[in-house]
Structure formats: C-alpha cells, structure tokens
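Listing of entry_22.pdb; format and content: PDB, C-alpha atoms.
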ATOM      1  CA  MET W   1      71.114  60.987 414.243
ATOM      2  CA  LYS W   2      73.013  60.478 417.486
ATOM      3  CA  GLU W   3      75.312  57.934 415.794
ATOM      4  CA  ALA W   4      76.096  60.332 412.900
ATOM      5  CA  PHE W   5      76.975  63.101 415.386
ATOM      6  CA  LYS W   6      79.239  60.723 417.313
ATOM      7  CA  LEU W   7      81.045  59.687 414.085
ATOM      8  CA  GLY W   8      81.424  63.348 413.099
ATOM      9  CA  VAL W   9      83.043  64.194 416.444
ATOM     10  CA  ILE W  10      85.415  61.224 416.166
ATOM     11  CA  LEU W  11      86.359  62.236 412.624
ATOM     12  CA  ALA W  12      86.959  65.835 413.754
ATOM     13  CA  LEU W  13      89.225  64.614 416.574
ATOM     14  CA  TYR W  14      91.248  62.470 414.148
ATOM     15  CA  ALA W  15      91.557  65.413 411.761
ATOM     16  CA  ALA W  16      92.698  67.723 414.578
ATOM     17  CA  ALA W  17      95.276  65.161 415.744
ATOM     18  CA  ALA W  18      96.580  64.752 412.179
ATOM     19  CA  CYS W  19      96.862  68.546 411.731
ATOM     20  CA  PHE W  20      98.725  68.848 415.024
ATOM     21  CA  ALA W  21     101.136  66.058 414.017
ATOM     22  CA  LEU W  22     101.787  67.686 410.628
ATOM     23  CA  ALA W  23     102.418  71.067 412.247
ATOM     24  CA  LEU W  24     104.832  69.478 414.704
ATOM     25  CA  VAL W  25     106.755  67.709 411.938
ATOM     26  CA  ASN W  26     106.861  70.934 409.914
ATOM     27  CA  ASN W  27     108.291  72.877 412.862
ATOM     28  CA  VAL W  28     111.043  70.305 413.276
ATOM     29  CA  THR W  29     111.947  69.915 409.577
ATOM     30  CA  ALA W  30     111.498  73.485 408.249
ATOM     31  CA  PRO W  31     114.801  74.845 409.646
ATOM     32  CA  VAL W  32     116.702  71.814 408.315
ATOM     33  CA  ILE W  33     115.160  72.202 404.857
ATOM     34  CA  GLU W  34     115.933  75.948 404.841
ATOM     35  CA  LYS W  35     119.559  75.307 405.843
ATOM     36  CA  GLN W  36     119.973  72.718 403.073
ATOM     37  CA  ALA W  37     118.478  75.124 400.517
ATOM     38  CA  GLN W  38     120.916  77.866 401.589
ATOM     39  CA  GLU W  39     123.857  75.458 401.365
ATOM     40  CA  LYS W  40     122.746  74.378 397.877
ATOM     41  CA  GLU W  41     122.483  78.030 396.807
ATOM     42  CA  SER W  42     125.930  78.870 398.243
ATOM     43  CA  SER W  43     127.437  75.846 396.523
ATOM     44  CA  ALA W  44     125.906  76.866 393.178
ATOM     45  CA  LEU W  45     127.243  80.417 393.558
ATOM     46  CA  LYS W  46     130.748  79.055 394.216
ATOM     47  CA  MET W  47     130.478  76.737 391.178
ATOM     48  CA  ILE W  48     129.600  79.649 388.912
ATOM     49  CA  PHE W  49     132.132  82.049 390.484
ATOM     50  CA  PRO W  50     134.896  79.843 391.957
ATOM     51  CA  ASP W  51     137.349  82.746 392.411
ATOM     52  CA  ALA W  52     134.891  85.063 394.181
ATOM     53  CA  ASP W  53     135.839  86.405 397.598
ATOM     54  CA  GLY W  54     132.199  86.791 398.572
ATOM     55  CA  PHE W  55     128.643  87.550 397.578
ATOM     56  CA  GLU W  56     126.901  90.741 398.697
ATOM     57  CA  LYS W  57     123.109  90.510 398.758
ATOM     58  CA  ILE W  58     121.275  93.272 396.880
ATOM     59  CA  GLU W  59     117.873  94.196 398.267
ATOM     60  CA  ASN W  60     116.630  97.086 396.104
ATOM     61  CA  PHE W  61     116.071  96.072 392.501
ATOM     62  CA  LYS W  62     113.334  96.020 389.890
ATOM     63  CA  ASN W  63     112.118  92.775 388.336
ATOM     64  CA  PRO W  64     111.047  93.562 384.749
ATOM     65  CA  ASN W  65     108.892  90.418 384.499
ATOM     66  CA  PRO W  66     106.769  89.584 387.547
ATOM     67  CA  ALA W  67     105.852  86.188 386.004
ATOM     68  CA  ALA W  68     109.290  85.036 387.188
ATOM     69  CA  SER W  69     110.255  85.753 390.766
ATOM     70  CA  ILE W  70     113.716  86.987 391.677
ATOM     71  CA  ASP W  71     114.410  85.068 394.880
ATOM     72  CA  SER W  72     117.936  86.386 395.521
ATOM     73  CA  PHE W  73     120.208  88.937 393.866
ATOM     74  CA  TYR W  74     123.931  89.066 394.627
ATOM     75  CA  LYS W  75     126.844  91.270 393.717
ATOM     76  CA  VAL W  76     129.934  89.093 393.215
ATOM     77  CA  ILE W  77     132.995  90.525 394.964
ATOM     78  CA  GLN W  78     136.511  89.613 393.888
ATOM     79  CA  GLY W  79     139.615  91.526 394.964
ATOM     80  CA  GLY W  80     137.442  94.243 396.493
ATOM     81  CA  GLN W  81     135.777  94.919 393.121
ATOM     82  CA  THR W  82     132.443  93.965 391.601
ATOM     83  CA  ALA W  83     133.235  90.973 389.378
ATOM     84  CA  GLY W  84     129.667  90.217 388.374
ATOM     85  CA  TYR W  85     126.150  89.460 389.528
ATOM     86  CA  ALA W  86     124.184  86.346 390.340
ATOM     87  CA  ILE W  87     120.436  85.916 390.455
ATOM     88  CA  LYS W  88     118.355  83.078 391.824
ATOM     89  CA  THR W  89     115.073  83.034 389.956
ATOM     90  CA  THR W  90     111.982  80.835 389.918
ATOM     91  CA  GLY W  91     109.470  80.772 387.142
ATOM     92  CA  PRO W  92     107.227  78.782 384.889
ATOM     93  CA  THR W  93     108.912  76.407 382.465
ATOM     94  CA  TYR W  94     106.935  73.325 381.429
ATOM     95  CA  ASP W  95     106.140  73.266 385.142
ATOM     96  CA  VAL W  96     108.395  75.253 387.522
ATOM     97  CA  THR W  97     112.172  75.712 387.662
ATOM     98  CA  THR W  98     114.524  77.455 390.082
ATOM     99  CA  LEU W  99     117.950  78.344 388.772
ATOM    100  CA  ILE W 100     120.900  80.605 389.476
ATOM    101  CA  ALA W 101     122.325  82.611 386.597
ATOM    102  CA  GLY W 102     125.672  84.345 386.955
ATOM    103  CA  PHE W 103     126.737  87.314 384.850
ATOM    104  CA  GLY W 104     130.099  88.994 384.453
ATOM    105  CA  ALA W 105     130.328  92.770 384.730
ATOM    106  CA  ASP W 106     130.142  92.800 380.905
ATOM    107  CA  LEU W 107     126.787  90.908 381.044
ATOM    108  CA  LYS W 108     128.237  87.752 379.551
ATOM    109  CA  ILE W 109     126.838  84.685 381.260
ATOM    110  CA  ALA W 110     129.380  83.275 383.708
ATOM    111  CA  GLY W 111     127.298  80.168 384.257
ATOM    112  CA  VAL W 112     123.900  78.716 385.010
ATOM    113  CA  HIS W 113     123.049  76.182 387.679
ATOM    114  CA  ILE W 114     119.605  74.589 387.918
ATOM    115  CA  LEU W 115     118.707  74.151 391.571
ATOM    116  CA  GLN W 116     115.348  72.469 391.068
ATOM    117  CA  THR W 117     112.975  71.655 388.244
ATOM    118  CA  SER W 118     109.688  69.803 388.247
ATOM    119  CA  ASP W 119     109.458  69.585 384.476
ATOM    120  CA  SER W 120     108.511  66.303 382.847
ATOM    121  CA  PRO W 121     110.799  63.327 383.474
ATOM    122  CA  GLY W 122     112.596  62.116 380.386
ATOM    123  CA  PHE W 123     112.517  65.440 378.551
ATOM    124  CA  GLY W 124     112.364  68.566 380.721
ATOM    125  CA  GLN W 125     114.531  66.973 383.408
ATOM    126  CA  LYS W 126     117.358  66.784 380.850
ATOM    127  CA  ALA W 127     117.898  70.498 381.439
ATOM    128  CA  ALA W 128     119.426  69.712 384.839
ATOM    129  CA  ASP W 129     121.010  66.368 383.861
ATOM    130  CA  PRO W 130     124.832  66.583 383.886
ATOM    131  CA  LYS W 131     124.956  63.529 381.567
ATOM    132  CA  TYR W 132     122.797  65.093 378.854
ATOM    133  CA  GLN W 133     124.848  66.673 376.065
ATOM    134  CA  ASN W 134     123.752  68.722 373.103
ATOM    135  CA  SER W 135     125.314  68.576 369.626
ATOM    136  CA  LYS W 136     128.237  70.766 370.808
ATOM    137  CA  GLY W 137     129.070  68.352 373.627
ATOM    138  CA  THR W 138     127.934  70.567 376.516
ATOM    139  CA  THR W 139     125.139  70.170 379.014
ATOM    140  CA  PHE W 140     121.971  72.186 378.483
ATOM    141  CA  TYR W 141     122.860  74.622 381.257
ATOM    142  CA  GLY W 142     126.586  74.580 380.361
ATOM    143  CA  GLN W 143     125.970  75.955 376.870
ATOM    144  CA  PHE W 144     124.999  79.358 378.283
ATOM    145  CA  ALA W 145     128.497  80.154 379.626
ATOM    146  CA  GLY W 146     130.051  83.002 377.645
ATOM    147  CA  VAL W 147     126.830  83.990 375.869
ATOM    148  CA  ASP W 148     126.134  87.738 375.699
ATOM    149  CA  ALA W 149     123.032  88.392 377.808
ATOM    150  CA  SER W 150     122.736  92.115 377.099
ATOM    151  CA  LYS W 151     119.818  91.238 374.809
ATOM    152  CA  PRO W 152     117.119  88.558 375.232
ATOM    153  CA  LEU W 153     118.387  85.074 374.443
ATOM    154  CA  VAL W 154     117.059  83.498 371.257
ATOM    155  CA  LEU W 155     116.552  79.759 370.992
ATOM    156  CA  GLY W 156     118.457  78.396 368.020
ATOM    157  CA  ALA W 157     120.742  81.427 367.769
ATOM    158  CA  ASP W 158     122.141  81.786 371.308
ATOM    159  CA  TYR W 159     121.485  78.285 372.624
ATOM    160  CA  GLU W 160     120.292  74.854 371.559
ATOM    161  CA  ALA W 161     116.988  73.281 372.608
ATOM    162  CA  ILE W 162     116.573  69.951 374.305
ATOM    163  CA  SER W 163     115.042  67.598 371.765
ATOM    164  CA  GLY W 164     111.429  66.998 372.767
ATOM    165  CA  ALA W 165     111.452  69.738 375.414
ATOM    166  CA  THR W 166     111.008  72.937 373.453
ATOM    167  CA  ILE W 167     108.794  74.565 376.081
ATOM    168  CA  THR W 168     111.362  73.915 378.817
ATOM    169  CA  SER W 169     114.160  75.163 376.560
ATOM    170  CA  ASN W 170     112.331  78.359 375.580
ATOM    171  CA  THR W 171     111.201  79.241 379.066
ATOM    172  CA  MET W 172     114.573  78.579 380.713
ATOM    173  CA  GLY W 173     116.078  80.981 378.188
ATOM    174  CA  ALA W 174     113.379  83.481 379.166
ATOM    175  CA  LEU W 175     114.212  83.052 382.881
ATOM    176  CA  ILE W 176     117.891  83.742 382.181
ATOM    177  CA  SER W 177     117.003  86.728 379.974
ATOM    178  CA  ASN W 178     114.786  88.139 382.725
ATOM    179  CA  ALA W 179     117.618  87.737 385.241
ATOM    180  CA  ALA W 180     119.952  89.565 382.831
ATOM    181  CA  ALA W 181     117.401  92.362 382.380
ATOM    182  CA  THR W 182     117.199  92.701 386.172
ATOM    183  CA  VAL W 183     120.982  93.075 386.311
ATOM    184  CA  GLN W 184     120.904  95.641 383.465
ATOM    185  CA  ASN W 185     118.248  97.693 385.285
ATOM    186  CA  TYR W 186     120.314  97.596 388.470
ATOM    187  CA  ILE W 187     123.536  98.643 386.701
ATOM    188  CA  ALA W 188     121.688 101.450 384.900
ATOM    189  CA  GLY W 189     120.359 102.711 388.224
ATOM    190  CA  GLY W 190     116.788 101.633 387.553
ATOM    191  CA  ASN W 191     116.519  99.880 390.886
TER     192      ASN W 191
END
Rewrite the structure of this file - the entire thing - as structure tokens.
Amino acid sequence: MKEAFKLGVILALYAAAACFALALVNNVTAPVIEKQAQEKESSALKMIFPDADGFEKIENFKNPNPAASIDSFYKVIQGGQTAGYAIKTTGPTYDVTTLIAGFGADLKIAGVHILQTSDSPGFGQKAADPKYQNSKGTTFYGQFAGVDASKPLVLGADYEAISGATITSNTMGALISNAAATVQNYIAGGN
C-alpha cells in the first residue's frame, strides 16, 4: 500500500510538472500565433479587395445561422465610401473550415479565401488548393468571384463541386451564403 501511494505521488508530480511546462509554452507561443493569424487575415482581405483604403470592423450584427460562427465582420472602405463587406466565418464542412468571403456593395462575391480547413486530405483539401482547377479552369474558391450572393448559393447552378468532396462543396457554399445573409441583414438594418 505504501509503495502504491509513493508511485501515485510521483506520478502526480510528473503530471503537475508537465502541465506547468505546457502552460509556460502556451504563454510564450500564444501571442505569436495570434499575430500570425491576424497577418494572414489582413493578407486575405487585401487579396480580395486590393484597392481598398482600409477595413472598418463592425461589431453589432446578427448571424442568421449560429451553426457557423462569424469571427470578424468588416466594412471595406475605398475613397471614403463603403465599397463592400468582408466576413471571416468558421463552420462545419466535412470537418471544419475558416474562410473569408468578400462582397461588393451589390452583394456580388468579390472573392473567397480559405484560411484553414481540416477536411479530408486528397478531396476536401482541394477546396484550398491553388493548383486544383474545375472544368472552367478556376480554383474551387476562385469560381465564386462575381456570383450574385443575394440568394443562397446552389451547388451545380452557382458553383461547381469538387469531385469526391460533395459534402465539403455543399457546406462551403452554405458558409458563404450565411456570410452573405449576415451582410444583407446588416445593410437592411437588422443588426
């Protein structure tokens, strides 16, 4: 009994030391990771809206679909005017995807940039692959540019699926549609 107690105390000390080490590493790396994430987001915004003068963060808005989180919402400023809107959203695809969708003031999609996806390698990952091209010669995310987002996007009519990744294709369309609905609510004053 004494030996079991001694082993339990030793194990508890090792566990406490490991927890302390992990907390220390987290405190050192968390600010670096956050800074890199912000830089990646800023870069994506500039890719979608290269002529923008700036991006004004919007705080008060209504998300019509709580299954997908709206992580950031921006008003795109160009020449002192609102040129469009951009939304960073995270939601379920085959696994989980975070993307930024940009919309012109007319609710046409200015562009989509996939920041991160943990969908299945080989199929779902093609959504973010700049080398993957659909039958029209565009990337999966590139095909959304210019599409009218004033109504929910329909797979097969508004955009083409990735072969073998129908779930990813459908749900990414749903994420973009939800972002567009958030913009519509905001423009209509339903924030």
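Applied to this file, the PyMOL selection byres ((chain W and resi 81-92) around 6) selects the residues Ala68, Ser69, Ile70, Asp71, Ser72, Phe73, Tyr74, Lys75, Val76, Ile77, Gln78, Gly79, Gly80, Thr93, Asp95, Val96, Thr97, Thr98, Leu99, Ile100, Ala101, Gly102, Phe103, Gly104 and Ala105 of chain W.
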Enter the distance from atom CA of W:Gly173 to atom CA of W:Leu155, in Å, rounded to one decimal.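 Separating atom CA of W:Gly173 from atom CA of W:Leu155 is a distance of 7.3 Å.
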Could you put an axis-aligned box around every listed atom of stretch 99-110 of chain W, padded by 3 Å on each side, and send me its centre and edge lengths in Å to one decimal, as AutoDock Vina command-line options?
--center_x 124.1 --center_y 85.6 --center_z 384.5 --size_x 18.4 --size_y 20.5 --size_z 15.9
May I have the residues within 10 Å of W:Asp158 as a ChimeraX atom specification, using only C-alpha atoms and disregarding those fewer than 3 positions away in the same chain? /W:143-144,147-149,152-155,173
Rows by chain and residue number, stretch 110-166 of chain W within 10 Å of stretch 27-42 of chain W, shortest pair, all atoms listed in the file, as CSV:
residue,atom,partner,partner_atom,distance
W:His113,CA,W:Glu41,CA,9.3
W:Ile114,CA,W:Glu41,CA,10.0
W:Leu115,CA,W:Lys40,CA,7.5
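Matched in the shown structure by the PyMOL selection byres ((chain W and resi 118-130) around 9): Thr93, Tyr94, Asp95, Val96, Thr97, His113, Ile114, Leu115, Gln116, Thr117, Lys131, Tyr132, Gln133, Thr138, Thr139, Phe140, Tyr141, Gly142, Ile162, Ser163, Gly164, Ala165, Thr166, Ile167, Thr168, Ser169 and Met172 of chain W.
When the distance limit is 7 Å and only C-alpha atoms are what count, the residues near W:Ala180, minus those fewer than 4 positions from it on the same chain, are Ala149, Ser150, Ile176 and Gln184 of chain W.
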Could you please determine the separation between atom CA of W:Asp51 and atom CA of W:Glu160 in Å, to one decimal place?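 Between atom CA of W:Asp51 and atom CA of W:Glu160 the gap works out to 28.1 Å.
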As an exercise, work out the distance from atom CA of W:Asn65 to atom CA of W:Gly111 in Å and give it to one decimal place.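 Those two atoms sit 21.1 Å apart.
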Smallest atom-to-atom distance to W:Asp106: which of W:Ser177, W:Asn60, W:Met47, W:Ile187, using all atoms listed in the file? W:Ile187
Which of W:Ile109, W:Ala67, W:Ile10, W:Leu22 sits closest to W:Ile48 [using all atoms listed in the file]: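 Distance minimum relative to W:Ile48 lands on W:Ile109.
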From the list W:Leu175, W:Lys2, W:Val183, W:Asp53, which residue is nearest W:Lys108 when using all atoms listed in the file?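 Looking only at the distances to W:Lys108, the closest residue turns out to be W:Val183.
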